[in-house]
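J.: Sharing a structure with you now.
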Amino acid sequence: LSKRTETFTDSVIRRMTRVSKKYGAVNLSQGFPDFEPPKEILDRLAQVSKEDFHQYSITWGAQNFREALAQKQSRLMGRTVDPNCEIVVTCGSTEAMMAAMMTVANPGDKVIVFSPFYENYGADTILTGAEPIYVPLYPPEFNFDADELEAAFKQNPKALILCNPSNPCGKVFTYDELKIIADLAQKYDTFVITDEVYEHIVYEPNKHIYFASLPGMWERTITCSSLSKTYSITGWRLGYIIAPPNIIDVAKKVHDFLTVGAAAPLQEAAITGLKFGDDYYKWLLDKYTHKRELFLKGLDDIGIAHTTPQGAYYILLDISEFGFESDLEFCETLARDVGVGAVPGSSFFREPVNHLIRLHFAKKDETLFEALNRLEDIR
Ligand code: GLN
């Protein structure tokens with residue numbers, strides 16, 4: 001079997017969902033909501049099944065989906081995004097990221113990845129034949145050292161991967177931090193592949209800044225995102241790439257042969273969401289702001305040290321005091337004996353880390369209360 005598949009495992013995030021199911025644990029591992037998507041989207045889905053959307057859509061996304069997305073993103077990104085030559089609709093941002101990487105990198109090329117990082121980037125680089133250069137983000141603020149970052153850029157990388165807001169550490173990059181990355185990308189002529197799936201889950205007073213909107217960055221940024229988290233439809237697998245036409249031309253080809261296209265009826269139904277006004281995004285943020293407070297307070301009451309996210313819905317918990325040999329063993333025990341599913345922190349770090357686990361709070365309040373109740377038995 002292929003050599004390149006020997007150097008990575010299946011996703012530990014997804015594996016922990018299966019472990020949670022096996023033990024009947026409250027699953028706070030893989031990040032997805034247990035509440036319903038907006039009713040308007042579901043109503044439209046019910047109609048769509050009776051209409052003529054059962055065959056392939058255009059490979060790079062149905063025309064009306066791309067138009068609705070272009071309109072929404074033009075407003076948010078502060079530039080006119082062309083639905084015809086600057087968008088590819090993909091099967092989740094998982095495909096978007098993989099396609100983006102295959103679009104820019106040749107085998108042997110280097111790609112900068114901040115650590116901690118979202119698990120997929122490791123496998124994405126390996127499957128592309130590229131080689132990651134890891135640059136640490138230092139807790140508690142998860143700041144990078146600009147000199148260390150420049151040292152990575154000096155190794156002539158093809159691209160940098162930027163997850164903002166960051167999964168798993170919850171960092172929201174400031175303008176000044178993004179500007180440092182942008183200046184280096186310019187100086188060393190490097191692409192920036194972003195993962196901005198939590199763009200609408202950014203807690204006050206932090207603000208989301210699209211990397212592509214920084215001066216001079218549109219030309220070299222491949223923006224990846226999805227509808228999964230924004231409309232609570234992770235199972236629909238709808239993602240996209242936004243980039244200048246010369247990059248999108250290539251990304252279209254890669255996407256064409258990877259998957260042909262995202263599900264046509266789901267694209268049609270999701271257009272309803274893309275057309276929501278600003279009040280929807282405010283409602284979503286209020287909901288997550290409330291869940292964040294609720295969950296952080298619960299963890300504080302139990303007395304476990306944890307990170308406080310500025311964006312996204314993940315929390316890293318420090319489990320040093322429990323004296324486990326490994327975070328994997330801790331997570332297995334937590335799921336089996338306490339009944340809460342978590343992801344071992346080591347899945348996200350380049351550095352040897354075994355004192356952290358990741359939980360998420362994209363769940364109904366009652367689910368979070370149940371998890372907190374169970375976590376009280378942790379000692
Ligand atoms: N982003 C989610 C997480 O980190 C999971 C996404 C996925 O499994 N595709 O848990």
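Each chain in the structure tokens gets a letter, A, B and so on, in the order shown; residues start at 1 in every chain, and ligands are counted from 1 in the order they appear.
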Please find the residues contacting ligand 1 at a distance of at most 10 Å between atoms, with only C-alpha atoms and all ligand atoms counted, and report them as an NGL selection string.

T.: :A and (11-17 or 28-32 or 92-95 or 117-120 or 166-168 or 197-198 or 228-229 or 234-235 or 237 or 312-314 or 342-343 or 348 or 358-360)

J.: Could you write out that same residue set with C-alpha atoms as a PDB file, in the first residue's frame?

T.:
```pdb
ATOM      1  CA  SER A  11      -8.649  11.386  12.287  1.00  0.00           C
ATOM      2  CA  VAL A  12      -8.619  11.181  16.084  1.00  0.00           C
ATOM      3  CA  ILE A  13     -11.378  13.828  16.162  1.00  0.00           C
ATOM      4  CA  ARG A  14     -13.690  11.614  14.115  1.00  0.00           C
ATOM      5  CA  ARG A  15     -12.535   8.516  15.986  1.00  0.00           C
ATOM      6  CA  MET A  16     -13.616  10.082  19.282  1.00  0.00           C
ATOM      7  CA  THR A  17     -17.153  10.458  17.922  1.00  0.00           C
ATOM      8  CA  LEU A  28     -18.074  17.031  23.028  1.00  0.00           C
ATOM      9  CA  SER A  29     -15.249  15.773  20.807  1.00  0.00           C
ATOM     10  CA  GLN A  30     -15.903  16.340  17.084  1.00  0.00           C
ATOM     11  CA  GLY A  31     -17.248  19.874  16.769  1.00  0.00           C
ATOM     12  CA  PHE A  32     -20.803  19.864  15.489  1.00  0.00           C
ATOM     13  CA  GLY A  92     -17.061  20.866   2.887  1.00  0.00           C
ATOM     14  CA  SER A  93     -14.047  22.975   3.703  1.00  0.00           C
ATOM     15  CA  THR A  94     -12.263  19.636   4.099  1.00  0.00           C
ATOM     16  CA  GLU A  95     -12.217  19.314   0.325  1.00  0.00           C
ATOM     17  CA  PHE A 117      -3.419  23.185  14.232  1.00  0.00           C
ATOM     18  CA  TYR A 118      -6.577  21.492  12.999  1.00  0.00           C
ATOM     19  CA  GLU A 119      -5.774  17.831  12.412  1.00  0.00           C
ATOM     20  CA  ASN A 120      -6.607  17.775   8.686  1.00  0.00           C
ATOM     21  CA  SER A 166      -8.312  29.050  15.310  1.00  0.00           C
ATOM     22  CA  ASN A 167      -9.361  25.498  16.010  1.00  0.00           C
ATOM     23  CA  PRO A 168      -8.405  24.254  18.636  1.00  0.00           C
ATOM     24  CA  VAL A 197     -15.087  28.327   8.939  1.00  0.00           C
ATOM     25  CA  TYR A 198     -15.667  30.060  12.310  1.00  0.00           C
ATOM     26  CA  SER A 228     -21.288  23.857   8.189  1.00  0.00           C
ATOM     27  CA  LYS A 229     -20.786  25.920  11.319  1.00  0.00           C
ATOM     28  CA  THR A 234     -22.109  19.995   9.083  1.00  0.00           C
ATOM     29  CA  GLY A 235     -23.602  16.876   7.472  1.00  0.00           C
ATOM     30  CA  ARG A 237     -20.774  18.987   3.337  1.00  0.00           C
ATOM     31  CA  ALA A 312     -14.854  29.263  17.478  1.00  0.00           C
ATOM     32  CA  TYR A 313     -16.271  26.859  20.090  1.00  0.00           C
ATOM     33  CA  TYR A 314     -13.392  24.837  21.470  1.00  0.00           C
ATOM     34  CA  ALA A 342     -13.222  14.713  24.293  1.00  0.00           C
ATOM     35  CA  VAL A 343     -10.334  14.895  21.821  1.00  0.00           C
ATOM     36  CA  PHE A 348      -3.413  19.227  17.452  1.00  0.00           C
ATOM     37  CA  ARG A 358     -10.285  19.543  23.746  1.00  0.00           C
ATOM     38  CA  LEU A 359     -14.009  19.922  24.421  1.00  0.00           C
ATOM     39  CA  HIS A 360     -16.506  21.917  22.397  1.00  0.00           C
TER      40      HIS A 360
END
```

J.: If you count only C-alpha atoms, which residues fall within 9 Å of Pro33 in chain A, apart from same-chain ones fewer than 5 positions away, as a list of chain:residue names?

T.: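 The contact residues come out as A:Lys229, A:Ser232, A:Ile233, A:Thr234, A:Phe361, A:Ala362, A:Lys363, A:Lys364.
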
J.: Emit the selected residues as an mmCIF file, in the first residue's frame, including C-alpha atoms.

T.:
```
data_model
loop_
_atom_site.group_PDB
_atom_site.id
_atom_site.type_symbol
_atom_site.label_atom_id
_atom_site.label_comp_id
_atom_site.auth_asym_id
_atom_site.auth_seq_id
_atom_site.Cartn_x
_atom_site.Cartn_y
_atom_site.Cartn_z
ATOM 1 C CA LYS A 229 -20.786 25.920 11.319
ATOM 2 C CA SER A 232 -25.422 24.276 11.669
ATOM 3 C CA ILE A 233 -25.392 21.892 8.689
ATOM 4 C CA THR A 234 -22.109 19.995 9.083
ATOM 5 C CA PHE A 361 -19.698 23.678 23.382
ATOM 6 C CA ALA A 362 -21.768 23.701 20.163
ATOM 7 C CA LYS A 363 -24.521 21.865 21.944
ATOM 8 C CA LYS A 364 -27.971 22.499 23.411
#
```

J.: Distance CA of Ala152 in chain A-CA of Pro165 in chain A, one decimal place?

T.: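 Spanning CA of Ala152 in chain A to CA of Pro165 in chain A is a straight-line distance of 21.6 Å.
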
J.: Taking the DSSP secondary structure from the backbone, can you list the residues of range 26-223 of chain A that are alpha helix (DSSP H), as an mmCIF file with N, CA and C atoms, in the first residue's frame?

T.:
```cif
data_model
loop_
_atom_site.group_PDB
_atom_site.id
_atom_site.type_symbol
_atom_site.label_atom_id
_atom_site.label_comp_id
_atom_site.auth_asym_id
_atom_site.auth_seq_id
_atom_site.Cartn_x
_atom_site.Cartn_y
_atom_site.Cartn_z
ATOM 1 N N LYS A 39 -34.954 26.962 10.615
ATOM 2 C CA LYS A 39 -36.185 26.362 10.076
ATOM 3 C C LYS A 39 -36.378 26.692 8.589
ATOM 4 N N GLU A 40 -36.037 27.929 8.208
ATOM 5 C CA GLU A 40 -36.220 28.346 6.809
ATOM 6 C C GLU A 40 -35.425 27.438 5.864
ATOM 7 N N ILE A 41 -34.240 27.045 6.304
ATOM 8 C CA ILE A 41 -33.403 26.176 5.461
ATOM 9 C C ILE A 41 -34.030 24.779 5.369
ATOM 10 N N LEU A 42 -34.535 24.298 6.496
ATOM 11 C CA LEU A 42 -35.151 22.964 6.499
ATOM 12 C C LEU A 42 -36.434 22.947 5.666
ATOM 13 N N ASP A 43 -37.204 24.032 5.762
ATOM 14 C CA ASP A 43 -38.437 24.119 4.962
ATOM 15 C C ASP A 43 -38.101 24.075 3.474
ATOM 16 N N ARG A 44 -37.064 24.803 3.119
ATOM 17 C CA ARG A 44 -36.661 24.827 1.705
ATOM 18 C C ARG A 44 -36.167 23.438 1.269
ATOM 19 N N LEU A 45 -35.469 22.745 2.156
ATOM 20 C CA LEU A 45 -34.991 21.399 1.840
ATOM 21 C C LEU A 45 -36.166 20.467 1.540
ATOM 22 N N ALA A 46 -37.225 20.608 2.319
ATOM 23 C CA ALA A 46 -38.401 19.746 2.126
ATOM 24 C C ALA A 46 -39.014 19.980 0.737
ATOM 25 N N GLN A 47 -39.013 21.252 0.311
ATOM 26 C CA GLN A 47 -39.560 21.554 -1.037
ATOM 27 C C GLN A 47 -38.640 21.048 -2.135
ATOM 28 N N VAL A 48 -37.349 21.236 -1.913
ATOM 29 C CA VAL A 48 -36.362 20.936 -2.944
ATOM 30 C C VAL A 48 -36.445 19.482 -3.407
ATOM 31 N N GLN A 63 -25.025 27.756 -10.281
ATOM 32 C CA GLN A 63 -24.900 29.190 -10.575
ATOM 33 C C GLN A 63 -25.551 30.053 -9.481
ATOM 34 N N ASN A 64 -26.790 29.689 -9.092
ATOM 35 C CA ASN A 64 -27.476 30.550 -8.109
ATOM 36 C C ASN A 64 -26.850 30.439 -6.717
ATOM 37 N N PHE A 65 -26.254 29.289 -6.414
ATOM 38 C CA PHE A 65 -25.544 29.165 -5.139
ATOM 39 C C PHE A 65 -24.323 30.090 -5.135
ATOM 40 N N ARG A 66 -23.557 30.029 -6.216
ATOM 41 C CA ARG A 66 -22.356 30.882 -6.293
ATOM 42 C C ARG A 66 -22.728 32.356 -6.276
ATOM 43 N N GLU A 67 -23.857 32.690 -6.916
ATOM 44 C CA GLU A 67 -24.262 34.101 -6.926
ATOM 45 C C GLU A 67 -24.645 34.568 -5.517
ATOM 46 N N ALA A 68 -25.399 33.719 -4.809
ATOM 47 C CA ALA A 68 -25.803 34.096 -3.442
ATOM 48 C C ALA A 68 -24.578 34.191 -2.532
ATOM 49 N N LEU A 69 -23.652 33.250 -2.710
ATOM 50 C CA LEU A 69 -22.435 33.258 -1.883
ATOM 51 C C LEU A 69 -21.584 34.495 -2.206
ATOM 52 N N ALA A 70 -21.474 34.797 -3.489
ATOM 53 C CA ALA A 70 -20.663 35.949 -3.900
ATOM 54 C C ALA A 70 -21.237 37.228 -3.294
ATOM 55 N N GLN A 71 -22.568 37.308 -3.285
ATOM 56 C CA GLN A 71 -23.184 38.512 -2.733
ATOM 57 C C GLN A 71 -22.894 38.643 -1.239
ATOM 58 N N LYS A 72 -23.036 37.530 -0.546
ATOM 59 C CA LYS A 72 -22.780 37.562 0.904
ATOM 60 C C LYS A 72 -21.312 37.894 1.179
ATOM 61 N N GLN A 73 -20.413 37.194 0.516
ATOM 62 C CA GLN A 73 -18.994 37.387 0.820
ATOM 63 C C GLN A 73 -18.482 38.749 0.332
ATOM 64 N N SER A 74 -19.058 39.285 -0.738
ATOM 65 C CA SER A 74 -18.633 40.607 -1.203
ATOM 66 C C SER A 74 -18.893 41.627 -0.097
ATOM 67 N N ARG A 75 -20.060 41.492 0.528
ATOM 68 C CA ARG A 75 -20.446 42.406 1.601
ATOM 69 C C ARG A 75 -19.459 42.264 2.778
ATOM 70 N N LEU A 76 -19.138 41.033 3.131
ATOM 71 C CA LEU A 76 -18.306 40.801 4.314
ATOM 72 C C LEU A 76 -16.830 41.088 4.057
ATOM 73 N N MET A 77 -16.364 40.751 2.862
ATOM 74 C CA MET A 77 -14.927 40.856 2.592
ATOM 75 C C MET A 77 -14.544 42.222 2.034
ATOM 76 N N GLY A 92 -17.588 20.423 1.597
ATOM 77 C CA GLY A 92 -17.061 20.866 2.887
ATOM 78 C C GLY A 92 -15.760 21.626 2.722
ATOM 79 N N SER A 93 -15.345 22.294 3.786
ATOM 80 C CA SER A 93 -14.047 22.975 3.703
ATOM 81 C C SER A 93 -12.934 21.939 3.746
ATOM 82 N N THR A 94 -13.259 20.712 4.137
ATOM 83 C CA THR A 94 -12.263 19.636 4.099
ATOM 84 C C THR A 94 -11.750 19.470 2.666
ATOM 85 N N GLU A 95 -12.662 19.400 1.720
ATOM 86 C CA GLU A 95 -12.217 19.314 0.325
ATOM 87 C C GLU A 95 -11.583 20.631 -0.119
ATOM 88 N N ALA A 96 -12.154 21.754 0.339
ATOM 89 C CA ALA A 96 -11.612 23.057 -0.065
ATOM 90 C C ALA A 96 -10.130 23.155 0.301
ATOM 91 N N MET A 97 -9.806 22.744 1.529
ATOM 92 C CA MET A 97 -8.418 22.846 1.994
ATOM 93 C C MET A 97 -7.495 21.908 1.201
ATOM 94 N N MET A 98 -7.980 20.696 0.992
ATOM 95 C CA MET A 98 -7.174 19.717 0.239
ATOM 96 C C MET A 98 -6.970 20.214 -1.197
ATOM 97 N N ALA A 99 -8.044 20.696 -1.809
ATOM 98 C CA ALA A 99 -7.939 21.181 -3.185
ATOM 99 C C ALA A 99 -7.031 22.410 -3.253
ATOM 100 N N ALA A 100 -7.132 23.274 -2.241
ATOM 101 C CA ALA A 100 -6.287 24.478 -2.216
ATOM 102 C C ALA A 100 -4.821 24.076 -2.163
ATOM 103 N N MET A 101 -4.540 23.112 -1.307
ATOM 104 C CA MET A 101 -3.157 22.654 -1.157
ATOM 105 C C MET A 101 -2.655 22.040 -2.469
ATOM 106 N N MET A 102 -3.494 21.205 -3.097
ATOM 107 C CA MET A 102 -3.079 20.566 -4.353
ATOM 108 C C MET A 102 -2.971 21.590 -5.476
ATOM 109 N N THR A 103 -3.696 22.692 -5.348
ATOM 110 C CA THR A 103 -3.658 23.743 -6.360
ATOM 111 C C THR A 103 -2.325 24.489 -6.339
ATOM 112 N N VAL A 104 -1.776 24.683 -5.132
ATOM 113 C CA VAL A 104 -0.555 25.504 -5.072
ATOM 114 C C VAL A 104 0.741 24.721 -4.890
ATOM 115 N N ASN A 120 -6.618 18.050 10.140
ATOM 116 C CA ASN A 120 -6.607 17.775 8.686
ATOM 117 C C ASN A 120 -5.376 18.316 7.962
ATOM 118 N N TYR A 121 -4.818 19.423 8.457
ATOM 119 C CA TYR A 121 -3.727 20.041 7.689
ATOM 120 C C TYR A 121 -2.528 19.104 7.570
ATOM 121 N N GLY A 122 -2.298 18.294 8.599
ATOM 122 C CA GLY A 122 -1.188 17.338 8.558
ATOM 123 C C GLY A 122 -1.377 16.377 7.396
ATOM 124 N N ALA A 123 -2.543 15.719 7.358
ATOM 125 C CA ALA A 123 -2.824 14.749 6.290
ATOM 126 C C ALA A 123 -2.887 15.443 4.926
ATOM 127 N N ASP A 124 -3.433 16.661 4.887
ATOM 128 C CA ASP A 124 -3.508 17.410 3.615
ATOM 129 C C ASP A 124 -2.111 17.589 3.021
ATOM 130 N N THR A 125 -1.164 18.004 3.860
ATOM 131 C CA THR A 125 0.188 18.233 3.332
ATOM 132 C C THR A 125 0.793 16.909 2.878
ATOM 133 N N ILE A 126 0.634 15.849 3.682
ATOM 134 C CA ILE A 126 1.231 14.558 3.319
ATOM 135 C C ILE A 126 0.633 14.042 2.006
ATOM 136 N N LEU A 127 -0.689 14.109 1.875
ATOM 137 C CA LEU A 127 -1.334 13.589 0.667
ATOM 138 C C LEU A 127 -0.950 14.403 -0.572
ATOM 139 N N THR A 128 -0.604 15.655 -0.357
ATOM 140 C CA THR A 128 -0.161 16.496 -1.468
ATOM 141 C C THR A 128 1.309 16.246 -1.780
ATOM 142 N N ALA A 146 7.533 36.539 15.775
ATOM 143 C CA ALA A 146 7.694 36.993 14.388
ATOM 144 C C ALA A 146 9.022 36.523 13.790
ATOM 145 N N ASP A 147 10.050 36.430 14.626
ATOM 146 C CA ASP A 147 11.352 35.967 14.106
ATOM 147 C C ASP A 147 11.292 34.488 13.739
ATOM 148 N N GLU A 148 10.607 33.714 14.583
ATOM 149 C CA GLU A 148 10.461 32.286 14.262
ATOM 150 C C GLU A 148 9.658 32.112 12.975
ATOM 151 N N LEU A 149 8.650 32.952 12.830
ATOM 152 C CA LEU A 149 7.842 32.859 11.613
ATOM 153 C C LEU A 149 8.692 33.215 10.391
ATOM 154 N N GLU A 150 9.491 34.272 10.534
ATOM 155 C CA GLU A 150 10.335 34.654 9.388
ATOM 156 C C GLU A 150 11.351 33.552 9.059
ATOM 157 N N ALA A 151 11.868 32.905 10.099
ATOM 158 C CA ALA A 151 12.822 31.800 9.856
ATOM 159 C C ALA A 151 12.143 30.704 9.020
ATOM 160 N N ALA A 152 10.855 30.462 9.282
ATOM 161 C CA ALA A 152 10.113 29.470 8.491
ATOM 162 C C ALA A 152 9.948 29.959 7.050
ATOM 163 N N PHE A 153 9.632 31.237 6.888
ATOM 164 C CA PHE A 153 9.479 31.797 5.538
ATOM 165 C C PHE A 153 10.789 31.720 4.752
ATOM 166 N N TYR A 175 -5.380 42.483 13.687
ATOM 167 C CA TYR A 175 -4.921 43.076 12.433
ATOM 168 C C TYR A 175 -3.394 43.100 12.393
ATOM 169 N N ASP A 176 -2.775 43.492 13.515
ATOM 170 C CA ASP A 176 -1.310 43.601 13.539
ATOM 171 C C ASP A 176 -0.648 42.253 13.278
ATOM 172 N N GLU A 177 -1.216 41.205 13.846
ATOM 173 C CA GLU A 177 -0.639 39.867 13.617
ATOM 174 C C GLU A 177 -0.805 39.454 12.154
ATOM 175 N N LEU A 178 -1.986 39.723 11.627
ATOM 176 C CA LEU A 178 -2.230 39.362 10.219
ATOM 177 C C LEU A 178 -1.303 40.148 9.301
ATOM 178 N N LYS A 179 -1.043 41.392 9.702
ATOM 179 C CA LYS A 179 -0.181 42.258 8.878
ATOM 180 C C LYS A 179 1.255 41.707 8.851
ATOM 181 N N ILE A 180 1.707 41.177 9.976
ATOM 182 C CA ILE A 180 3.060 40.576 10.011
ATOM 183 C C ILE A 180 3.107 39.400 9.024
ATOM 184 N N ILE A 181 2.052 38.564 9.064
ATOM 185 C CA ILE A 181 1.998 37.410 8.150
ATOM 186 C C ILE A 181 1.944 37.905 6.706
ATOM 187 N N ALA A 182 1.120 38.922 6.477
ATOM 188 C CA ALA A 182 0.951 39.452 5.114
ATOM 189 C C ALA A 182 2.276 39.995 4.574
ATOM 190 N N ASP A 183 2.989 40.749 5.406
ATOM 191 C CA ASP A 183 4.259 41.331 4.951
ATOM 192 C C ASP A 183 5.265 40.230 4.599
ATOM 193 N N LEU A 184 5.261 39.173 5.417
ATOM 194 C CA LEU A 184 6.191 38.062 5.136
ATOM 195 C C LEU A 184 5.762 37.317 3.866
ATOM 196 N N ALA A 185 4.458 37.137 3.702
ATOM 197 C CA ALA A 185 3.962 36.438 2.509
ATOM 198 C C ALA A 185 4.371 37.209 1.247
ATOM 199 N N GLN A 186 4.304 38.541 1.365
ATOM 200 C CA GLN A 186 4.711 39.406 0.238
ATOM 201 C C GLN A 186 6.217 39.290 -0.006
ATOM 202 N N LYS A 187 6.954 39.448 1.084
ATOM 203 C CA LYS A 187 8.419 39.458 0.984
ATOM 204 C C LYS A 187 8.954 38.139 0.411
#
```

J.: One number please: CA of Ile201 in chain A to CA of Val338 in chain A, in Å, one decimal.

T.: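 CA of Val338 in chain A lies at a distance of 29.0 Å from CA of Ile201 in chain A.
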
J.: Fewer than 6 positions away in the same chain doesn't count, so skip those; otherwise give me all residues within 10 Å of Trp218 in chain A, counting only C-alpha atoms, as a ChimeraX atom specification.

T.: /A:79,192,210-212,242-244

J.: May I ask for the distance between CA of Asn106 in chain A and CA of Cys224 in chain A, given in Å to one decimal place?

T.: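 Distance reported for this atom pair: 19.4 Å.
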
J.: For Gly345 in chain A, list every protein, DNA or RNA residue within 8 Å, evaluated using only C-alpha atoms, and leave out those in the same chain fewer than 4 positions away; present the list as JSON, numbers by chain.

T.: {"A": [316, 327, 349, 353, 354, 355, 356, 357, 358]}

J.: Write the residues of the preceding selection, restricted to N, CA and C atoms, as a compact mmCIF listing (two decimals), in the first residue's frame.

T.:
```txt
# COMPACT_ATOMS: atom_id res chain seq x y z
N LEU A 316 -9.53 24.13 25.46
CA LEU A 316 -8.50 23.16 25.83
C LEU A 316 -8.45 23.11 27.35
N ASP A 327 -2.80 11.49 27.11
CA ASP A 327 -4.10 12.14 26.92
C ASP A 327 -5.09 11.21 26.21
N PHE A 349 -1.11 19.24 18.20
CA PHE A 349 0.17 19.89 18.43
C PHE A 349 1.31 19.15 17.75
N VAL A 353 2.78 16.97 23.46
CA VAL A 353 1.82 17.50 24.44
C VAL A 353 0.94 16.34 24.88
N ASN A 354 0.85 16.09 26.18
CA ASN A 354 -0.12 15.07 26.58
C ASN A 354 -0.92 15.48 27.81
N HIS A 355 -0.92 16.79 28.08
CA HIS A 355 -1.62 17.28 29.28
C HIS A 355 -2.87 18.08 28.92
N LEU A 356 -3.30 18.00 27.65
CA LEU A 356 -4.45 18.79 27.24
C LEU A 356 -5.51 17.91 26.58
N ILE A 357 -6.77 18.29 26.76
CA ILE A 357 -7.83 17.68 25.97
C ILE A 357 -8.70 18.81 25.42
N ARG A 358 -9.42 18.52 24.33
CA ARG A 358 -10.28 19.54 23.75
C ARG A 358 -11.75 19.15 23.89
```

J.: With only C-alpha atoms as the counted atoms, please give the residues lying no more than 12 Å from Lys171 in chain A, apart from itself and same-chain residues fewer than 4 positions off, as a ChimeraX atom specification.

T.: /A:114-117,137-144,162-167,177,196,198-199,201-203,206-208,307-316

J.: Determine which residues of range 175-325 of chain A DSSP labels as strand (DSSP E or B) from the backbone of this structure, then write them out as a list in words.

T.: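 Across range 175-325 of chain A, those assigned strand (DSSP E or B) are Phe191, Val192, Ile193, Thr194, Asp195, Val202, Thr221, Ile222, Thr223, Cys224, Ser225, Ser226, Leu238, Gly239, Tyr240, Ile241, Ile242, His306, Gly311, Tyr314, Ile315, Leu316, Leu317 and Asp318 of chain A.
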
J.: Could those residues be written to a file, using N, CA and C atoms, as an mmCIF file, in the first residue's frame?

T.:
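Generated output (out.cif):
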```cif
data_model
loop_
_atom_site.group_PDB
_atom_site.id
_atom_site.type_symbol
_atom_site.label_atom_id
_atom_site.label_comp_id
_atom_site.auth_asym_id
_atom_site.auth_seq_id
_atom_site.Cartn_x
_atom_site.Cartn_y
_atom_site.Cartn_z
ATOM 1 N N PHE A 191 1.947 31.858 -0.930
ATOM 2 C CA PHE A 191 0.479 31.838 -0.868
ATOM 3 C C PHE A 191 0.028 31.695 0.578
ATOM 4 N N VAL A 192 -1.188 32.163 0.870
ATOM 5 C CA VAL A 192 -1.784 31.925 2.186
ATOM 6 C C VAL A 192 -3.120 31.224 1.963
ATOM 7 N N ILE A 193 -3.227 30.025 2.541
ATOM 8 C CA ILE A 193 -4.474 29.256 2.459
ATOM 9 C C ILE A 193 -5.175 29.445 3.790
ATOM 10 N N THR A 194 -6.368 29.994 3.771
ATOM 11 C CA THR A 194 -7.036 30.232 5.056
ATOM 12 C C THR A 194 -8.131 29.193 5.294
ATOM 13 N N ASP A 195 -8.410 28.999 6.570
ATOM 14 C CA ASP A 195 -9.546 28.183 6.990
ATOM 15 C C ASP A 195 -10.342 29.108 7.900
ATOM 16 N N VAL A 202 -17.124 34.819 16.536
ATOM 17 C CA VAL A 202 -16.022 35.627 17.068
ATOM 18 C C VAL A 202 -16.597 36.483 18.190
ATOM 19 N N THR A 221 -4.120 34.981 -1.661
ATOM 20 C CA THR A 221 -4.876 34.265 -0.623
ATOM 21 C C THR A 221 -5.897 33.315 -1.241
ATOM 22 N N ILE A 222 -5.947 32.119 -0.694
ATOM 23 C CA ILE A 222 -6.963 31.146 -1.083
ATOM 24 C C ILE A 222 -7.848 30.985 0.147
ATOM 25 N N THR A 223 -8.993 31.626 0.111
ATOM 26 C CA THR A 223 -9.893 31.631 1.261
ATOM 27 C C THR A 223 -10.747 30.368 1.224
ATOM 28 N N CYS A 224 -10.686 29.578 2.281
ATOM 29 C CA CYS A 224 -11.525 28.382 2.382
ATOM 30 C C CYS A 224 -12.502 28.575 3.533
ATOM 31 N N SER A 225 -13.731 28.170 3.301
ATOM 32 C CA SER A 225 -14.697 28.223 4.397
ATOM 33 C C SER A 225 -15.841 27.277 4.074
ATOM 34 N N SER A 226 -16.860 27.312 4.919
ATOM 35 C CA SER A 226 -17.969 26.394 4.674
ATOM 36 C C SER A 226 -19.251 26.913 5.303
ATOM 37 N N LEU A 238 -21.019 21.286 2.640
ATOM 38 C CA LEU A 238 -20.960 22.393 1.683
ATOM 39 C C LEU A 238 -19.852 23.373 2.087
ATOM 40 N N GLY A 239 -18.845 23.447 1.267
ATOM 41 C CA GLY A 239 -17.748 24.373 1.522
ATOM 42 C C GLY A 239 -17.394 25.111 0.246
ATOM 43 N N TYR A 240 -16.386 25.954 0.336
ATOM 44 C CA TYR A 240 -16.012 26.694 -0.875
ATOM 45 C C TYR A 240 -14.614 27.276 -0.772
ATOM 46 N N ILE A 241 -14.101 27.607 -1.953
ATOM 47 C CA ILE A 241 -12.833 28.322 -2.072
ATOM 48 C C ILE A 241 -13.143 29.641 -2.764
ATOM 49 N N ILE A 242 -12.553 30.714 -2.251
ATOM 50 C CA ILE A 242 -12.631 32.010 -2.932
ATOM 51 C C ILE A 242 -11.199 32.467 -3.191
ATOM 52 N N HIS A 306 -8.413 25.938 32.044
ATOM 53 C CA HIS A 306 -8.809 25.852 30.635
ATOM 54 C C HIS A 306 -8.476 27.125 29.884
ATOM 55 N N GLY A 311 -12.697 33.051 19.735
ATOM 56 C CA GLY A 311 -13.544 32.692 18.615
ATOM 57 C C GLY A 311 -13.670 31.181 18.531
ATOM 58 N N TYR A 314 -14.224 25.874 20.844
ATOM 59 C CA TYR A 314 -13.392 24.837 21.470
ATOM 60 C C TYR A 314 -12.694 25.374 22.707
ATOM 61 N N ILE A 315 -12.497 24.454 23.668
ATOM 62 C CA ILE A 315 -11.779 24.799 24.895
ATOM 63 C C ILE A 315 -10.733 23.715 25.135
ATOM 64 N N LEU A 316 -9.533 24.129 25.458
ATOM 65 C CA LEU A 316 -8.497 23.161 25.832
ATOM 66 C C LEU A 316 -8.448 23.107 27.353
ATOM 67 N N LEU A 317 -8.522 21.903 27.900
ATOM 68 C CA LEU A 317 -8.501 21.727 29.351
ATOM 69 C C LEU A 317 -7.175 21.107 29.764
ATOM 70 N N ASP A 318 -6.652 21.588 30.866
ATOM 71 C CA ASP A 318 -5.392 21.058 31.377
ATOM 72 C C ASP A 318 -5.692 19.891 32.312
#
```

J.: Near Gly273 in chain A, within 9 Å and counting only C-alpha atoms, which residues show up once chain neighbours fewer than 6 positions away are dropped, as an MDAnalysis selection string?

T.: chainID A and resid 38 40:41 227 230:231 280
